[in-house]
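Worksheet: the structure to be examined is printed underneath.
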Amino acid sequence: MLDDIDKKLLAALQSNAHYTAQDLSERLNLSASQAGRRRQKLEADGYISGYHAHLEASRIGLTVQAFVQVQLRSHGPKEARSFASLAEVRPEIISVWTLTGDSDYLLRIYCSDLSSLNQLIHDVILPHPAVARVQSQIVMDQLKQDAPLPT
């Protein structure tokens, strides 16, 4: 179980993963060594899965973001593995979720332009033998950035 200090530590690291043990100690009213040990324990216990730089997509030429729903032809393990393999190797597909309802998967995709998105959908995803139907939504604007998890 997480105590209140662990929750505060996780919230602080979500706001700034560069915090040092000294920075965390000041925010948590602990010694730097205590804060550092707590951080290491949370990492070792799997509460913290990694540290990442958040890139500005438009600055690196990725101006189109889309969500693509995919429905499979059948729901056997072979088809699911085959489609998961496709999603894994395509760098444009940055997230994949399995869903309940009409669609089996939801893909979050970044491309440089609409032509690239069109090519990915029509030349890669739709022809895949496991895919029955694809529905895409192009993001017009993102009102809220991916937020930290509530702790």
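Every chain in the structure tokens takes a letter, A first, then B, and so on in the order presented; its residues are numbered from 1, and the ligands are numbered from 1 following the presented order.
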Enumerate, as an NGL selection string, the complete set of residues in segment 6-142 of chain A that a backbone-based DSSP assignment places in alpha helix (DSSP H).
-> :A and (6-15 or 21-28 or 32-44 or 77-89 or 114-119)
Tell me, as a VMD selection string, which residues lie within 12 Å of Ser74 of chain A, counting only C-alpha atoms; anything in the same chain fewer than 3 positions away does not count.
-> chain A and resid 70 to 71 77 to 83 103 to 104 129 to 133
Please provide as a ChimeraX atom specification all residues within 10 Å of Ile94 of chain A, with the sequence filter that same-chain residues fewer than 4 positions apart are discarded (counting only C-alpha atoms).
-> /A:87-88,90,107-110
Using only C-alpha atoms, determine which residues lie at most 12 Å from segment 16-29 of chain A, disregarding the query and same-chain residues fewer than 2 positions distant; provide the list as a PDB file with C-alpha atoms, in the first residue's frame.
ATOM      1  CA  ASP A   4       0.523   9.693   1.877  1.00  0.00           C
ATOM      2  CA  ILE A   5       4.225  10.460   1.457  1.00  0.00           C
ATOM      3  CA  ASP A   6       4.540   7.944  -1.387  1.00  0.00           C
ATOM      4  CA  LYS A   7       1.507   9.489  -3.091  1.00  0.00           C
ATOM      5  CA  LYS A   8       2.993  12.978  -2.755  1.00  0.00           C
ATOM      6  CA  LEU A   9       6.307  11.695  -4.108  1.00  0.00           C
ATOM      7  CA  LEU A  10       4.599  10.133  -7.138  1.00  0.00           C
ATOM      8  CA  ALA A  11       2.610  13.330  -7.781  1.00  0.00           C
ATOM      9  CA  ALA A  12       5.804  15.401  -7.585  1.00  0.00           C
ATOM     10  CA  LEU A  13       7.636  13.122 -10.019  1.00  0.00           C
ATOM     11  CA  GLN A  14       4.732  13.232 -12.471  1.00  0.00           C
ATOM     12  CA  SER A  31      15.837  13.978   4.426  1.00  0.00           C
ATOM     13  CA  ALA A  32      17.328  13.636   0.959  1.00  0.00           C
ATOM     14  CA  SER A  33      18.413  10.063   1.737  1.00  0.00           C
ATOM     15  CA  GLN A  34      14.876   9.102   2.862  1.00  0.00           C
ATOM     16  CA  ALA A  35      13.348  10.663  -0.256  1.00  0.00           C
ATOM     17  CA  GLY A  36      15.892   8.896  -2.460  1.00  0.00           C
ATOM     18  CA  ARG A  37      15.255   5.520  -0.815  1.00  0.00           C
ATOM     19  CA  ARG A  38      11.481   5.935  -1.188  1.00  0.00           C
ATOM     20  CA  ARG A  39      11.919   6.803  -4.867  1.00  0.00           C
ATOM     21  CA  GLN A  40      14.128   3.746  -5.427  1.00  0.00           C
ATOM     22  CA  ILE A  48       7.317   4.014 -11.625  1.00  0.00           C
ATOM     23  CA  SER A  49       7.785   2.326 -14.980  1.00  0.00           C
ATOM     24  CA  GLY A  50      10.186   4.828 -16.522  1.00  0.00           C
ATOM     25  CA  TYR A  51      11.063   8.419 -17.238  1.00  0.00           C
ATOM     26  CA  HIS A  52      10.332  10.002 -20.610  1.00  0.00           C
ATOM     27  CA  ALA A  53      10.793  13.277 -22.428  1.00  0.00           C
ATOM     28  CA  HIS A  54       7.501  14.706 -23.712  1.00  0.00           C
ATOM     29  CA  PRO A 148      -0.738  13.006 -14.531  1.00  0.00           C
TER      30      PRO A 148
END
Quick one: distance from atom CA of Asp102 of chain A to atom CA of Gln137 of chain A in Å, one decimal?
->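 Atom-to-atom, atom CA of Asp102 of chain A and atom CA of Gln137 of chain A are spaced 15.2 Å apart.
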Of the candidates A:Ala66, A:Met1, A:Ala84, A:Lys144, which shows the shortest atom-to-atom distance to Asn118 of chain A, using only C-alpha atoms?
->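 Closest to Asn118 of chain A, using only C-alpha atoms: A:Ala66.
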Identify all residues of segment 6-68 of chain A in strand (DSSP E) (DSSP on the backbone) and supply them as a list in words.
-> Val64, Gln65, Ala66, Phe67 and Val68 of chain A
Determine the nearest neighbour of Val64 of chain A from the options A:Thr98, A:Ser15, A:Ser116, A:Gln145, counting only C-alpha atoms.
->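 Closest candidate: A:Ser116.
Considering the residues A:Arg59, A:Cys111, A:Leu86, A:Ala44 and counting only C-alpha atoms, Val139 of chain A has its shortest atom-to-atom contact with A:Cys111.
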Could you tell me which of A:Asp113, A:Gln135, A:Pro127, A:Leu143 comes closest to Ser58 of chain A if we count only C-alpha atoms?
->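 The shortest atom-to-atom distance to Ser58 of chain A comes from A:Asp113.
When only C-alpha atoms are used to compute distances to Leu117 of chain A, the closest of the residues A:Ile93, A:Gly76, A:Tyr47, A:Leu55 turns out to be A:Ile93.
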So how far away is atom CA of Asp3 of chain A from atom CA of Gly46 of chain A, in Å?
->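 That distance, rounded to one decimal, is 15.5 Å.
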Of the candidates A:Ser115, A:Ser95, A:Ser136, A:Thr100, which shows the shortest atom-to-atom distance to Phe67 of chain A, using only C-alpha atoms?
-> A:Ser136
